[in-house]
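Chemist: Structure below; questions to follow.
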Amino acid sequence: MKKKRFLVMTDIEGVSGVTSFPQAEVSEFGKEMLMHDLLAVLRGIEDAGCDAVVYDMHTDGRNVDVSRISVPAVLGKPILPDLWRGVGDDFDGLFMLGLHTMQHVKGACLAHSYLREYDSIHINGKLLGEIGVEAALAGERGIPLLFVSGDDLGCREAEELIPGVITCAVKKSLTEDSAICLPAEKTAEMLYEAALKAAKANVEPYKLSSPYEIKIKFSDCFYLTKMKNIHPEIFDTDDTVIMRGDNLLATWSEYLKYEKEMTRE
Ligand SMILES: [Zn+2]
């Protein structure tokens, strides 16, 4: 039988011990804890007899230390409308590591939806955070979301969206920037066990139906002003962008190009 192969997407806000944006953005601690969680998950996948490719989704996508892993990693967040995550569709499942809830979830540690300047993201009228958007992008290619780790509320968001997804809460959210964090030794064990289980899980891909409408509402910020200047044509109302298309990955990628222009210094 062909070895199963999983894409492991990594974020940082939801990894063990991280409770602030500076820790997730500019600290070596955040990267160290990312590697701690990632190594545990990769060990679980390997012991389940499966293969993995890592995709670094946090900020500029250059946080994973390839000197410490034995599988390939996609770094630098390529925008490729024809090639899911830069590696194609030949995967049996998606793992999401170090996640968090969507923006505005009460009491959720480091809640946000991609940029902290985004107030909300809807696809086909459904309010989604990073977990939901990535699950839908994978689902379009028939790939199920099998595993999510992060804070307890992020895990709950995943469970409510995807029946049967295996989750692993490495911390319990208290406020938007505090959590009860479990010892790293304990979370390594938990992540390993959850990854083993997820590798064997049977989950349906999360599918939204074509045509797609992506709606992104901005909070009042510098980026809103800048986006309005460079791409006024995509605005539906004063603070909301709408993108439409028959292919979700292509439509999302088109927006990501605009976002890249917007966030460029
Ligand atoms: Zn994130």
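Chain labels follow the order of the structure tokens: the first chain is A, the next B, and so on; residue numbering restarts at 1 in every chain, and ligands are counted from 1 in their shown order.
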I need the strand (DSSP E) residues of segment 22-225 of chain A per DSSP on the backbone, written as a ChimeraX atom specification.
Modeler: /A:51-56,73-74,93-99,118-123,126-127,145-151,166-175,178-181,212-218
Chemist: Give me, as a list in words, all polymer residues having an atom no more than 12 Å from Thr225 of chain A, counting only C-alpha atoms and skipping those fewer than 2 positions away in the same chain.
Modeler: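 Within the cut-off, the hits are Glu117, Phe218, Ser219, Asp220, Cys221, Phe222, Tyr223, Met227, Lys228, Asn229, Ile230, His231, Pro232, Phe235, Asp238, Asp239, Thr240, Met262 and Thr263 of chain A.
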Chemist: So which residues touch segment 19-25 of chain A within 8 Å, counting only C-alpha atoms, skipping near sequence neighbours fewer than 5 positions away, as a count of residues only?
Modeler: 10
Chemist: Which residue gives the smallest distance to Val87 of chain A among A:Val41, A:Cys168, A:Leu7, A:Met102, with only C-alpha atoms counted?
Modeler: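 Between A:Val41, A:Cys168, A:Leu7, A:Met102, the residue approaching Val87 of chain A most closely is A:Leu7.
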Chemist: So which bits of segment 95-175 of chain A end up alpha helix (DSSP H) when you DSSP the backbone, as a ChimeraX atom specification?
Modeler: /A:130-140,152-161
Chemist: Output as JSON lines one row per residue of chain A within 6 Å of ligand 1: the closest atom pair and its distance in Å to one decimal place, counting only C-alpha atoms and all ligand atoms, sorted by chain and residue number ascending.
Modeler:
{"residue": "A:Asp11", "atom": "CA", "partner": "ligand 1", "partner_atom_place_in_ligand_line": "1 (Zn)", "distance": 5.4}
{"residue": "A:Leu99", "atom": "CA", "partner": "ligand 1", "partner_atom_place_in_ligand_line": "1 (Zn)", "distance": 5.8}
{"residue": "A:Tyr114", "atom": "CA", "partner": "ligand 1", "partner_atom_place_in_ligand_line": "1 (Zn)", "distance": 5.4}
Chemist: Could you write out the selected residues, including C-alpha atoms, as a JSON list (two decimals), in the first residue's frame?
Modeler:
[["chain", "number", "residue", "atom", "x", "y", "z"],
["A", 11, "ASP", "CA", 1.73, 28.83, 12.53],
["A", 99, "LEU", "CA", -3.25, 27.69, 15.32],
["A", 114, "TYR", "CA", -4.37, 36.31, 9.10]]
Chemist: So how many Å separate atom CA of Glu204 of chain A and atom CA of Ala135 of chain A, to one decimal?
Modeler: 10.6 Å
